[in-house]
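Q: Contents of target-v2.cif (mmCIF, C-alpha atoms) are below:
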data_work
#
loop_
_atom_site.group_PDB
_atom_site.id
_atom_site.type_symbol
_atom_site.label_atom_id
_atom_site.label_comp_id
_atom_site.auth_asym_id
_atom_site.auth_seq_id
_atom_site.Cartn_x
_atom_site.Cartn_y
_atom_site.Cartn_z
ATOM 1 C CA GLU A 30 -2.091 15.824 27.325
ATOM 2 C CA GLU A 31 -5.461 16.453 28.964
ATOM 3 C CA ALA A 32 -7.039 13.761 26.797
ATOM 4 C CA ILE A 33 -4.521 10.997 27.534
ATOM 5 C CA GLY A 34 -3.495 11.948 31.043
ATOM 6 C CA CYS A 35 0.251 12.045 30.597
ATOM 7 C CA GLU A 36 3.046 14.267 29.358
ATOM 8 C CA ILE A 37 3.870 14.426 25.653
ATOM 9 C CA ARG A 38 7.473 15.086 24.678
ATOM 10 C CA SER A 39 7.672 15.946 21.001
ATOM 11 C CA SER A 40 10.535 17.477 19.048
ATOM 12 C CA MET A 41 12.570 16.958 15.881
ATOM 13 C CA ASP A 42 15.802 16.476 17.862
ATOM 14 C CA VAL A 43 17.643 13.251 16.990
ATOM 15 C CA VAL A 44 20.935 11.650 17.948
ATOM 16 C CA GLU A 45 23.108 9.346 15.872
ATOM 17 C CA VAL A 46 23.178 5.851 17.364
ATOM 18 C CA GLY A 47 25.280 4.108 14.719
ATOM 19 C CA ARG A 48 26.065 3.677 11.039
ATOM 20 C CA THR A 49 25.252 0.873 8.626
ATOM 21 C CA ALA A 50 28.038 -1.609 7.941
ATOM 22 C CA ASP A 51 28.170 -1.631 4.137
ATOM 23 C CA ARG A 52 27.192 1.896 3.132
ATOM 24 C CA ASP A 53 28.105 3.882 6.255
ATOM 25 C CA VAL A 54 24.641 5.477 6.394
ATOM 26 C CA PRO A 55 23.984 7.337 9.668
ATOM 27 C CA VAL A 56 21.313 5.740 11.867
ATOM 28 C CA VAL A 57 19.455 8.333 13.940
ATOM 29 C CA ALA A 58 16.676 8.208 16.525
ATOM 30 C CA ASP A 59 14.520 10.624 18.483
ATOM 31 C CA ALA A 60 16.508 12.091 21.374
ATOM 32 C CA ASN A 61 13.660 11.591 23.848
ATOM 33 C CA ALA A 62 13.333 7.937 22.874
ATOM 34 C CA VAL A 63 17.064 7.288 23.142
ATOM 35 C CA ALA A 64 17.042 8.700 26.670
ATOM 36 C CA ALA A 65 14.015 6.626 27.730
ATOM 37 C CA ASP A 66 14.098 3.438 29.789
ATOM 38 C CA ALA A 67 11.888 1.616 27.282
ATOM 39 C CA ILE A 68 10.630 2.120 23.726
ATOM 40 C CA VAL A 69 7.357 0.598 22.455
ATOM 41 C CA PRO A 70 6.557 1.405 18.809
ATOM 42 C CA ILE A 71 2.905 1.172 17.760
ATOM 43 C CA ASN A 72 1.844 1.147 14.123
ATOM 44 C CA ARG A 73 -0.437 -0.328 11.512
ATOM 45 C CA VAL A 74 1.089 -3.136 9.471
ATOM 46 C CA LYS A 75 0.038 -2.439 5.901
ATOM 47 C CA PRO A 76 1.204 -2.370 2.285
ATOM 48 C CA HIS A 77 3.531 0.551 1.603
ATOM 49 C CA THR A 78 2.781 3.022 -1.157
ATOM 50 C CA ASP A 79 6.360 3.337 -2.481
ATOM 51 C CA PHE A 80 7.764 -0.191 -2.646
ATOM 52 C CA ASP A 81 7.107 -3.927 -2.317
ATOM 53 C CA GLY A 82 9.020 -6.053 0.191
ATOM 54 C CA THR A 83 8.748 -8.686 2.901
ATOM 55 C CA VAL A 84 8.438 -5.845 5.437
ATOM 56 C CA GLU A 85 6.765 -2.634 4.317
ATOM 57 C CA SER A 86 4.833 -0.266 6.596
ATOM 58 C CA GLY A 87 4.707 -1.336 10.243
ATOM 59 C CA LEU A 88 6.729 -1.468 13.452
ATOM 60 C CA SER A 89 10.075 -1.531 11.655
ATOM 61 C CA LYS A 90 9.223 1.466 9.528
ATOM 62 C CA MET A 91 8.029 3.293 12.655
ATOM 63 C CA LEU A 92 11.462 2.759 14.214
ATOM 64 C CA VAL A 93 13.463 3.751 11.138
ATOM 65 C CA ILE A 94 11.409 6.607 9.717
ATOM 66 C CA GLY A 95 8.967 7.589 12.477
ATOM 67 C CA MET A 96 11.410 7.558 15.380
ATOM 68 C CA GLY A 97 14.037 8.971 13.029
ATOM 69 C CA LYS A 98 11.924 12.131 12.728
ATOM 70 C CA GLN A 99 12.419 14.419 9.722
ATOM 71 C CA ARG A 100 16.174 13.813 9.527
ATOM 72 C CA GLY A 101 15.837 10.037 9.701
ATOM 73 C CA ALA A 102 13.026 10.050 7.166
ATOM 74 C CA LYS A 103 15.047 12.223 4.805
ATOM 75 C CA ILE A 104 18.144 10.022 5.164
ATOM 76 C CA ALA A 105 16.108 6.892 4.476
ATOM 77 C CA HIS A 106 14.322 8.264 1.432
ATOM 78 C CA ASP A 107 17.513 9.771 0.004
ATOM 79 C CA TRP A 108 19.343 6.456 0.219
ATOM 80 C CA ALA A 109 16.267 4.593 -1.049
ATOM 81 C CA VAL A 110 16.875 6.106 -4.482
ATOM 82 C CA ASP A 111 19.836 3.717 -4.903
ATOM 83 C CA TRP A 112 19.258 1.350 -1.989
ATOM 84 C CA SER A 113 15.635 0.321 -1.860
ATOM 85 C CA LEU A 114 13.599 0.689 1.318
ATOM 86 C CA ARG A 115 12.882 -3.047 1.065
ATOM 87 C CA ASP A 116 16.548 -3.685 1.911
ATOM 88 C CA MET A 117 17.220 -0.645 4.068
ATOM 89 C CA ILE A 118 14.384 -0.918 6.596
ATOM 90 C CA PRO A 119 15.245 -4.449 7.808
ATOM 91 C CA GLU A 120 18.972 -3.653 8.159
ATOM 92 C CA ILE A 121 18.475 -0.402 10.066
ATOM 93 C CA THR A 122 15.736 -2.000 12.186
ATOM 94 C CA GLU A 123 18.136 -4.701 13.369
ATOM 95 C CA GLN A 124 20.693 -2.045 14.263
ATOM 96 C CA LEU A 125 18.159 0.034 16.221
ATOM 97 C CA LEU A 126 16.944 -3.047 18.093
ATOM 98 C CA ALA A 127 20.540 -3.818 19.069
ATOM 99 C CA GLU A 128 21.365 -0.280 20.196
ATOM 100 C CA LEU A 129 18.159 0.919 21.881
ATOM 101 C CA PRO A 130 15.879 -0.313 24.725
ATOM 102 C CA VAL A 131 13.033 -1.499 22.483
ATOM 103 C CA VAL A 132 11.053 -3.838 24.740
ATOM 104 C CA GLY A 133 8.388 -4.791 22.205
ATOM 105 C CA GLY A 134 5.828 -3.357 19.854
ATOM 106 C CA VAL A 135 2.097 -3.261 19.204
ATOM 107 C CA ALA A 136 1.092 -4.211 15.668
ATOM 108 C CA ILE A 137 -2.317 -3.274 14.278
ATOM 109 C CA VAL A 138 -3.896 -4.721 11.137
ATOM 110 C CA GLU A 139 -6.967 -2.958 9.774
ATOM 111 C CA ASP A 140 -9.602 -4.324 7.411
ATOM 112 C CA GLN A 141 -11.148 -2.757 4.313
ATOM 113 C CA ARG A 142 -13.366 -0.541 6.506
ATOM 114 C CA ASP A 143 -10.412 0.961 8.406
ATOM 115 C CA GLU A 144 -11.492 -1.012 11.477
ATOM 116 C CA THR A 145 -9.063 -2.928 13.692
ATOM 117 C CA ALA A 146 -9.022 -6.577 12.624
ATOM 118 C CA LEU A 147 -5.996 -7.666 14.653
ATOM 119 C CA LEU A 148 -4.036 -6.263 17.587
ATOM 120 C CA GLU A 149 -0.863 -8.060 18.620
ATOM 121 C CA GLY A 150 2.069 -7.485 20.941
ATOM 122 C CA ILE A 151 5.364 -8.529 19.378
ATOM 123 C CA PRO A 152 8.721 -9.011 21.164
ATOM 124 C CA PRO A 153 11.751 -7.296 19.594
ATOM 125 C CA GLU A 154 13.210 -10.551 18.248
ATOM 126 C CA GLY A 155 9.977 -11.164 16.329
ATOM 127 C CA PHE A 156 9.657 -7.780 14.644
ATOM 128 C CA LEU A 157 10.814 -8.633 11.128
ATOM 129 C CA ASP A 158 9.528 -12.230 10.885
ATOM 130 C CA ARG A 159 6.109 -11.648 12.421
ATOM 131 C CA GLU A 160 5.665 -8.381 10.553
ATOM 132 C CA ALA A 161 6.209 -10.203 7.267
ATOM 133 C CA GLU A 162 3.422 -12.636 8.170
ATOM 134 C CA LEU A 163 1.045 -9.869 9.246
ATOM 135 C CA LEU A 164 1.758 -8.002 6.009
ATOM 136 C CA GLU A 165 0.370 -10.946 4.039
ATOM 137 C CA THR A 166 -2.805 -10.754 6.114
ATOM 138 C CA ALA A 167 -3.023 -7.001 5.538
ATOM 139 C CA TYR A 168 -2.801 -7.514 1.783
ATOM 140 C CA GLU A 169 -5.625 -10.067 1.918
ATOM 141 C CA ILE A 170 -8.084 -7.804 3.742
ATOM 142 C CA MET A 171 -7.124 -4.345 2.447
ATOM 143 C CA PRO A 172 -9.721 -2.283 0.553
ATOM 144 C CA THR A 173 -9.654 -2.653 -3.216
ATOM 145 C CA LEU A 174 -11.683 -1.492 -6.175
ATOM 146 C CA PRO A 175 -14.139 -4.107 -7.486
ATOM 147 C CA PHE A 176 -12.781 -3.752 -11.038
ATOM 148 C CA GLU A 177 -9.506 -4.673 -12.731
ATOM 149 C CA GLU A 178 -10.057 -2.171 -15.555
ATOM 150 C CA LEU A 179 -11.665 1.275 -15.455
ATOM 151 C CA ASP A 180 -11.946 4.059 -17.975
ATOM 152 C CA VAL A 181 -12.499 6.775 -15.368
ATOM 153 C CA LEU A 182 -12.191 6.830 -11.562
ATOM 154 C CA VAL A 183 -13.733 9.779 -9.709
ATOM 155 C CA LEU A 184 -12.456 10.381 -6.172
ATOM 156 C CA ASP A 185 -14.308 12.770 -3.880
ATOM 157 C CA ARG A 186 -11.298 13.309 -1.625
ATOM 158 C CA GLN A 187 -7.665 12.418 -1.141
ATOM 159 C CA GLY A 188 -5.572 12.989 1.967
ATOM 160 C CA LYS A 189 -2.772 11.869 4.273
ATOM 161 C CA ASP A 190 -5.348 10.247 6.574
ATOM 162 C CA ILE A 191 -6.344 7.953 3.691
ATOM 163 C CA SER A 192 -2.827 7.144 2.533
ATOM 164 C CA GLY A 193 0.660 8.559 2.866
ATOM 165 C CA GLN A 194 0.433 9.291 -0.849
ATOM 166 C CA GLY A 195 -3.018 10.845 -0.684
ATOM 167 C CA MET A 196 -4.580 7.995 -2.631
ATOM 168 C CA ASP A 197 -3.298 4.472 -2.001
ATOM 169 C CA THR A 198 -1.025 3.378 -4.841
ATOM 170 C CA ASN A 199 -1.941 -0.256 -4.201
ATOM 171 C CA VAL A 200 -5.614 0.558 -4.769
ATOM 172 C CA ILE A 201 -5.314 2.786 -7.841
ATOM 173 C CA GLY A 202 -2.517 0.777 -9.469
ATOM 174 C CA ARG A 203 -0.323 3.833 -9.992
ATOM 175 C CA ARG A 204 3.091 4.691 -8.548
ATOM 176 C CA PRO A 205 4.308 7.443 -10.876
ATOM 177 C CA PHE A 206 6.567 9.154 -8.345
ATOM 178 C CA ALA A 207 8.751 6.272 -7.127
ATOM 179 C CA ILE A 208 12.275 5.832 -8.464
ATOM 180 C CA GLN A 209 13.403 2.342 -9.539
ATOM 181 C CA GLU A 210 10.201 0.788 -8.162
ATOM 182 C CA PRO A 211 7.694 -0.993 -10.427
ATOM 183 C CA GLU A 212 4.027 -0.009 -10.417
ATOM 184 C CA PRO A 213 1.376 -2.422 -9.113
ATOM 185 C CA GLU A 214 0.166 -4.868 -11.751
ATOM 186 C CA SER A 215 -3.487 -3.899 -11.339
ATOM 187 C CA PRO A 216 -5.930 -2.239 -11.592
ATOM 188 C CA GLU A 217 -5.575 -0.461 -14.924
ATOM 189 C CA ILE A 218 -7.241 2.972 -14.804
ATOM 190 C CA LYS A 219 -7.113 5.296 -17.799
ATOM 191 C CA ARG A 220 -8.088 8.540 -16.049
ATOM 192 C CA ILE A 221 -8.414 9.688 -12.426
ATOM 193 C CA PHE A 222 -10.363 12.816 -11.473
ATOM 194 C CA THR A 223 -9.956 14.006 -7.866
ATOM 195 C CA ARG A 224 -12.453 16.518 -6.490
ATOM 196 C CA GLY A 225 -10.951 17.673 -3.198
ATOM 197 C CA LEU A 226 -8.885 17.097 -0.055
ATOM 198 C CA THR A 227 -9.933 15.626 3.287
ATOM 199 C CA GLU A 228 -10.257 18.142 6.096
ATOM 200 C CA VAL A 229 -7.701 16.481 8.354
ATOM 201 C CA THR A 230 -4.954 16.421 5.718
ATOM 202 C CA HIS A 231 -4.625 20.160 6.505
ATOM 203 C CA GLY A 232 -3.843 21.122 2.928
ATOM 204 C CA ASN A 233 -1.162 18.457 2.409
ATOM 205 C CA ALA A 234 -1.855 17.344 -1.162
ATOM 206 C CA MET A 235 0.929 14.762 -1.412
ATOM 207 C CA GLY A 236 0.024 12.356 -4.212
ATOM 208 C CA MET A 237 -2.126 14.716 -6.253
ATOM 209 C CA GLY A 238 0.317 14.075 -9.106
ATOM 210 C CA SER A 239 -1.268 10.624 -9.445
ATOM 211 C CA ALA A 240 -4.477 12.247 -10.737
ATOM 212 C CA ASP A 241 -5.028 13.209 -14.362
ATOM 213 C CA PHE A 242 -7.439 16.050 -13.551
ATOM 214 C CA VAL A 243 -8.443 17.812 -10.327
ATOM 215 C CA HIS A 244 -11.287 20.131 -9.393
ATOM 216 C CA ARG A 245 -10.268 23.749 -8.819
ATOM 217 C CA ASP A 246 -11.571 23.376 -5.247
ATOM 218 C CA LEU A 247 -8.713 20.950 -4.569
ATOM 219 C CA LEU A 248 -6.086 23.451 -5.696
ATOM 220 C CA ALA A 249 -7.713 26.119 -3.521
ATOM 221 C CA GLU A 250 -7.279 23.852 -0.487
ATOM 222 C CA VAL A 251 -3.601 23.057 -1.079
ATOM 223 C CA GLU A 252 -1.056 24.314 1.470
ATOM 224 C CA MET A 253 1.974 24.215 -0.779
ATOM 225 C CA PRO A 254 4.702 24.704 1.887
ATOM 226 C CA THR A 255 3.412 21.675 3.836
ATOM 227 C CA THR A 256 3.019 19.649 0.669
ATOM 228 C CA LEU A 257 6.500 20.574 -0.557
ATOM 229 C CA ILE A 258 8.169 19.664 2.752
ATOM 230 C CA ASN A 259 6.519 16.234 2.556
ATOM 231 C CA ALA A 260 7.669 15.789 -1.043
ATOM 232 C CA LEU A 261 11.258 16.814 -0.293
ATOM 233 C CA THR A 262 11.462 14.604 2.804
ATOM 234 C CA ALA A 263 10.168 11.573 0.894
ATOM 235 C CA SER A 264 12.072 12.370 -2.338
ATOM 236 C CA THR A 265 8.782 12.029 -4.233
ATOM 237 C CA THR A 266 8.555 15.423 -5.908
ATOM 238 C CA ARG A 267 6.669 14.000 -8.884
ATOM 239 C CA GLY A 268 3.885 13.112 -6.483
ATOM 240 C CA VAL A 269 3.008 16.793 -6.032
ATOM 241 C CA ARG A 270 3.006 17.875 -9.660
ATOM 242 C CA LEU A 271 -0.106 19.914 -10.431
ATOM 243 C CA PRO A 272 -2.607 18.136 -12.686
ATOM 244 C CA PRO A 273 -4.835 20.220 -14.982
ATOM 245 C CA ALA A 274 -7.650 21.827 -12.974
ATOM 246 C CA VAL A 275 -11.279 22.053 -14.076
ATOM 247 C CA GLU A 276 -14.001 24.365 -12.771
ATOM 248 C CA THR A 277 -16.860 21.875 -12.427
ATOM 249 C CA ASP A 278 -17.517 18.158 -11.949
ATOM 250 C CA ARG A 279 -19.058 18.049 -15.408
ATOM 251 C CA ALA A 280 -15.903 19.531 -16.909
ATOM 252 C CA GLY A 281 -13.828 16.938 -15.081
ATOM 253 C CA LEU A 282 -15.876 14.070 -16.484
ATOM 254 C CA VAL A 283 -15.844 15.531 -19.985
ATOM 255 C CA ALA A 284 -12.061 15.994 -19.810
ATOM 256 C CA CYS A 285 -11.603 12.388 -18.701
ATOM 257 C CA LEU A 286 -14.011 10.849 -21.194
ATOM 258 C CA SER A 287 -12.605 12.838 -24.110
ATOM 259 C CA THR A 288 -9.052 11.557 -23.493
ATOM 260 C CA ILE A 289 -9.532 7.792 -23.073
ATOM 261 C CA GLY A 290 -9.412 6.916 -26.761
ATOM 262 C CA VAL A 291 -12.143 5.546 -28.960
ATOM 263 C CA VAL A 292 -14.588 3.895 -26.582
ATOM 264 C CA ASP A 293 -18.262 3.137 -27.248
ATOM 265 C CA PRO A 294 -20.209 5.334 -24.771
ATOM 266 C CA SER A 295 -22.417 2.376 -23.887
ATOM 267 C CA THR A 296 -19.400 0.411 -22.656
ATOM 268 C CA VAL A 297 -17.560 3.158 -20.754
ATOM 269 C CA ARG A 298 -16.827 2.090 -17.178
ATOM 270 C CA VAL A 299 -16.784 4.991 -14.700
#
Could you show the structure in this file as C-alpha cells?
A:
Amino acid sequence: EEAIGCEIRSSMDVVEVGRTADRDVPVVADANAVAADAIVPINRVKPHTDFDGTVESGLSKMLVIGMGKQRGAKIAHDWAVDWSLRDMIPEITEQLLAELPVVGGVAIVEDQRDETALLEGIPPEGFLDREAELLETAYEIMPTLPFEELDVLVLDRQGKDISGQGMDTNVIGRRPFAIQEPEPESPEIKRIFTRGLTEVTHGNAMGMGSADFVHRDLLAEVEMPTTLINALTASTTRGVRLPPAVETDRAGLVACLSTIGVVDPSTVRV
C-alpha cells in the first residue's frame, strides 16, 4: 500500500453471480469486485500452457479465473476436464460482462525479452474479439528455442514467474499433465534436466513433472504444500510428479545422454 499509494483489499471471498445456461456451472467473482462501482482487469495476453483456443490467457481469463479466486479457479479447472477451457472461458466471460460493472480492460503483450511490446485499453464489448487478435501477435513474438529438435535441454531454473507451469509448455513442446488436450507440435526434446527454482516462485515447483531429471538442489527448494495446492486447484497433479534427482550437474548430463538412444556423440545436440 505504501508503494502504490492506495488501499489494497484482498481476500478469497467470492459470491455467485450466475450459472451457465447449458451445464449449470456456478459463476463466481471476488466479493470486493462485485461490490465495486467499476472493474478494470489488467493482464498479459499470451499463449496458455494448458490448451489452445481463440482466447487463451488474457483479460477474459483474468475475469474467470483470477477474479474467481481459488474457488472460481477450481470450478473452471474441474469442469475443463470434460468441457475445455477454450469453450468455457468465452462463455463465462460473456456472463460476467453482462452481470458486473466491467468498464474496460488493459491488455499487455510482451515480447521474447519479457518487455512490454503493446499496451492497449479495450472496451468490454471488444474483450473476446480483440483478445483473439492480440493472441496471434503474442504467438508471433513469444520466446522460442532456436531448434526444432534437441537431444538434451538443460534449464537453470523454472518458476511461476516464468510460466504458470514452471516452464512454458509452448516453448518446450511438452504438455504431459493436461487432460484431453494435445501437446504442441514442436519442438521435440528427448530429455530435459532442470537445475533449480527461481527465487520468486517461493518453492512452488508446479511443472517440475515436465522434466526428466532434476538436480537435488531443486528438490531441496520445493515447498510441497504450496505446490500441491496449485496442482489441486488446476487439476494438473501430473505436473508435480517428482522426476529422478541427481546430485551434480555432471550426473544430470550423464543421465540424460545415456537415455536418448543410440546417438553419435559428435552429433548430440544439447
Q: What does the structure give for the distance between atom CA of Ala263 of chain A and atom CA of Gly95 of chain A, in Å to one decimal?
A: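 Straight-line distance from atom CA of Ala263 of chain A to atom CA of Gly95 of chain A works out to 12.3 Å.
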Q: Around the point (9.4, 12.3, 21.3) (coordinates from the file), which residues reach within 9 Å if we count only C-alpha atoms? Answer as a PyMOL selection string.
A: chain A and resi 37-42+59-62+96+98
Q: Atom CA of Gly236 of chain A and atom CA of Asp140 of chain A, how far apart in Å?
A: 22.5 Å
Q: So which residues touch His106 of chain A within 8 Å, counting all atoms listed in the file, skipping near sequence neighbours fewer than 4 positions away, as a PDB file with C-alpha atoms, in the coordinates of the input?
A:
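And here is the file that came out, around.pdb:
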ATOM      1  CA  ALA A 102      13.026  10.050   7.166  1.00  0.00           C
ATOM      2  CA  VAL A 110      16.875   6.106  -4.482  1.00  0.00           C
ATOM      3  CA  LEU A 114      13.599   0.689   1.318  1.00  0.00           C
ATOM      4  CA  THR A 262      11.462  14.604   2.804  1.00  0.00           C
ATOM      5  CA  ALA A 263      10.168  11.573   0.894  1.00  0.00           C
ATOM      6  CA  SER A 264      12.072  12.370  -2.338  1.00  0.00           C
TER       7      SER A 264
END
Q: Which distance in Å separates atom CA of Leu164 of chain A and atom CA of Leu261 of chain A, to one decimal?
A: 27.3 Å
Q: Need to verify the contact set: Ser239 of chain A, 7 Å, all atoms listed in the file, exclusion of same-chain residues closer than 6 positions in sequence. Can you return it as a PDB file with C-alpha atoms, in the coordinates of the input?
A:
ATOM      1  CA  ARG A 203      -0.323   3.833  -9.992  1.00  0.00           C
ATOM      2  CA  PRO A 205       4.308   7.443 -10.876  1.00  0.00           C
ATOM      3  CA  GLY A 268       3.885  13.112  -6.483  1.00  0.00           C
TER       4      GLY A 268
END
Q: Excluding same-chain residues fewer than 4 positions from Ile137 of chain A, what lies within 8 Å of it counting all atoms listed in the file, as a list in words?
A: Ile71, Asn72, Arg73, Val74, Thr145, Ala146, Leu147, Leu148 and Glu149 of chain A
Q: Report the residues retrieved by the PyMOL selection byres ((chain A and resi 84) around 8) from the displayed file, expressed as a VMD selection string.
A: chain A and resid 82 to 83 85 to 87 89 115 118 to 119 157 160 to 161 164
Q: Nearest to Val54 of chain A among A:His244, A:Arg186, A:Lys103, A:His77, with distances taken over only C-alpha atoms: which residue is it?
A: A:Lys103
Q: In terms of the shortest atom-to-atom distance over only C-alpha atoms, which of A:Thr266, A:Gly101, A:Phe80, A:Glu45 is closest to Pro211 of chain A?
A: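 Comparing A:Thr266, A:Gly101, A:Phe80, A:Glu45 against Pro211 of chain A, the winner is A:Phe80.
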Q: Identify, on the basis of all atoms listed in the file, every residue whose closest approach to Glu178 of chain A does not exceed 10 Å; exclude the query and any residue fewer than 4 positions from it along the same chain; express the result as an NGL selection string.
A: :A and (174 or 215-219 or 298-299)
Q: Taking (-11.2, 15.1, -8.7) in the coordinates of the supplied file, I want to know which residues reach to within 12 Å of it, counting all atoms listed in the file; could you give the answer as a ChimeraX atom specification?
A: /A:181-187,196,220-226,237-248,272-282,284-285
Q: Can you tell me which residues surround Glu169 of chain A at a distance of at most 12 Å, considering only C-alpha atoms, apart from same-chain residues fewer than 6 positions away, and format the answer as a PyMOL selection string?
A: chain A and resi 75-76+138-141+146+162-163
Q: Could you check which of A:Arg100, A:Pro55, A:Leu88, A:Val132 is closest to Val43 of chain A, using only C-alpha atoms?
A: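 Of A:Arg100, A:Pro55, A:Leu88, A:Val132, the one nearest Val43 of chain A, counting only C-alpha atoms, is A:Arg100.
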Q: Which is closer to Ile191 of chain A than all the others in A:Arg204, A:Ala234, A:Ile151, A:Asp111, using all atoms listed in the file?
A: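 With all atoms listed in the file as the atom set, the closest residue is A:Ala234.
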Q: Which of these residues is nearest to Thr78 of chain A, using all atoms listed in the file: A:His231, A:Arg270, A:Arg48, A:Lys189?
A: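 Using all atoms listed in the file, Thr78 of chain A sits closest to A:Lys189.
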Q: Here is a test: counting all atoms listed in the file, which residue of A:Val56, A:Val251, A:Leu271, A:Val229 is nearest to Ala127 of chain A?
A: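 Closest to Ala127 of chain A of all the choices is A:Val56.
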Q: Kindly write segment 245-268 of chain A with N, CA and C atoms to a file, as a PDB file, in the first residue's frame.
A:
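Result went into out-v4.pdb, see below:
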ATOM      1  N   ARG A 245      19.322 -32.221  -7.247  1.00  0.00           N
ATOM      2  CA  ARG A 245      18.818 -32.365  -5.873  1.00  0.00           C
ATOM      3  C   ARG A 245      18.559 -31.004  -5.228  1.00  0.00           C
ATOM      4  N   ASP A 246      19.271 -29.952  -5.700  1.00  0.00           N
ATOM      5  CA  ASP A 246      19.034 -28.618  -5.155  1.00  0.00           C
ATOM      6  C   ASP A 246      17.602 -28.166  -5.409  1.00  0.00           C
ATOM      7  N   LEU A 247      17.033 -28.575  -6.549  1.00  0.00           N
ATOM      8  CA  LEU A 247      15.650 -28.204  -6.855  1.00  0.00           C
ATOM      9  C   LEU A 247      14.702 -28.835  -5.836  1.00  0.00           C
ATOM     10  N   LEU A 248      14.891 -30.113  -5.561  1.00  0.00           N
ATOM     11  CA  LEU A 248      14.002 -30.779  -4.600  1.00  0.00           C
ATOM     12  C   LEU A 248      14.125 -30.149  -3.219  1.00  0.00           C
ATOM     13  N   ALA A 249      15.326 -29.694  -2.873  1.00  0.00           N
ATOM     14  CA  ALA A 249      15.534 -29.075  -1.559  1.00  0.00           C
ATOM     15  C   ALA A 249      14.793 -27.746  -1.450  1.00  0.00           C
ATOM     16  N   GLU A 250      14.519 -27.117  -2.588  1.00  0.00           N
ATOM     17  CA  GLU A 250      13.851 -25.813  -2.590  1.00  0.00           C
ATOM     18  C   GLU A 250      12.330 -25.926  -2.645  1.00  0.00           C
ATOM     19  N   VAL A 251      11.811 -27.116  -2.899  1.00  0.00           N
ATOM     20  CA  VAL A 251      10.374 -27.279  -3.105  1.00  0.00           C
ATOM     21  C   VAL A 251       9.596 -27.092  -1.805  1.00  0.00           C
ATOM     22  N   GLU A 252       8.560 -26.253  -1.850  1.00  0.00           N
ATOM     23  CA  GLU A 252       7.579 -26.146  -0.768  1.00  0.00           C
ATOM     24  C   GLU A 252       6.371 -26.966  -1.207  1.00  0.00           C
ATOM     25  N   MET A 253       6.299 -28.194  -0.745  1.00  0.00           N
ATOM     26  CA  MET A 253       5.292 -29.106  -1.274  1.00  0.00           C
ATOM     27  C   MET A 253       3.855 -28.682  -0.981  1.00  0.00           C
ATOM     28  N   PRO A 254       3.529 -28.129   0.207  1.00  0.00           N
ATOM     29  CA  PRO A 254       2.132 -27.702   0.408  1.00  0.00           C
ATOM     30  C   PRO A 254       1.685 -26.671  -0.623  1.00  0.00           C
ATOM     31  N   THR A 255       2.528 -25.670  -0.910  1.00  0.00           N
ATOM     32  CA  THR A 255       2.193 -24.654  -1.904  1.00  0.00           C
ATOM     33  C   THR A 255       2.044 -25.276  -3.285  1.00  0.00           C
ATOM     34  N   THR A 256       2.981 -26.144  -3.622  1.00  0.00           N
ATOM     35  CA  THR A 256       2.959 -26.802  -4.919  1.00  0.00           C
ATOM     36  C   THR A 256       1.723 -27.676  -5.075  1.00  0.00           C
ATOM     37  N   LEU A 257       1.356 -28.383  -4.016  1.00  0.00           N
ATOM     38  CA  LEU A 257       0.198 -29.278  -4.069  1.00  0.00           C
ATOM     39  C   LEU A 257      -1.097 -28.494  -4.211  1.00  0.00           C
ATOM     40  N   ILE A 258      -1.226 -27.374  -3.482  1.00  0.00           N
ATOM     41  CA  ILE A 258      -2.431 -26.552  -3.596  1.00  0.00           C
ATOM     42  C   ILE A 258      -2.608 -26.075  -5.032  1.00  0.00           C
ATOM     43  N   ASN A 259      -1.515 -25.651  -5.656  1.00  0.00           N
ATOM     44  CA  ASN A 259      -1.556 -25.211  -7.054  1.00  0.00           C
ATOM     45  C   ASN A 259      -2.009 -26.356  -7.961  1.00  0.00           C
ATOM     46  N   ALA A 260      -1.459 -27.540  -7.726  1.00  0.00           N
ATOM     47  CA  ALA A 260      -1.794 -28.697  -8.562  1.00  0.00           C
ATOM     48  C   ALA A 260      -3.260 -29.103  -8.408  1.00  0.00           C
ATOM     49  N   LEU A 261      -3.757 -29.077  -7.175  1.00  0.00           N
ATOM     50  CA  LEU A 261      -5.151 -29.450  -6.933  1.00  0.00           C
ATOM     51  C   LEU A 261      -6.102 -28.425  -7.533  1.00  0.00           C
ATOM     52  N   THR A 262      -5.766 -27.133  -7.381  1.00  0.00           N
ATOM     53  CA  THR A 262      -6.622 -26.077  -7.916  1.00  0.00           C
ATOM     54  C   THR A 262      -6.723 -26.170  -9.430  1.00  0.00           C
ATOM     55  N   ALA A 263      -5.598 -26.468 -10.084  1.00  0.00           N
ATOM     56  CA  ALA A 263      -5.550 -26.512 -11.545  1.00  0.00           C
ATOM     57  C   ALA A 263      -5.832 -27.903 -12.115  1.00  0.00           C
ATOM     58  N   SER A 264      -6.089 -28.877 -11.238  1.00  0.00           N
ATOM     59  CA  SER A 264      -6.329 -30.265 -11.681  1.00  0.00           C
ATOM     60  C   SER A 264      -5.202 -30.778 -12.571  1.00  0.00           C
ATOM     61  N   THR A 265      -3.970 -30.394 -12.240  1.00  0.00           N
ATOM     62  CA  THR A 265      -2.810 -30.838 -13.028  1.00  0.00           C
ATOM     63  C   THR A 265      -1.815 -31.531 -12.105  1.00  0.00           C
ATOM     64  N   THR A 266      -2.284 -32.585 -11.440  1.00  0.00           N
ATOM     65  CA  THR A 266      -1.437 -33.264 -10.458  1.00  0.00           C
ATOM     66  C   THR A 266      -0.217 -33.922 -11.098  1.00  0.00           C
ATOM     67  N   ARG A 267      -0.340 -34.331 -12.361  1.00  0.00           N
ATOM     68  CA  ARG A 267       0.813 -34.943 -13.019  1.00  0.00           C
ATOM     69  C   ARG A 267       1.943 -33.941 -13.226  1.00  0.00           C
ATOM     70  N   GLY A 268       1.600 -32.661 -13.176  1.00  0.00           N
ATOM     71  CA  GLY A 268       2.619 -31.637 -13.353  1.00  0.00           C
ATOM     72  C   GLY A 268       3.577 -31.523 -12.190  1.00  0.00           C
TER      73      GLY A 268
END
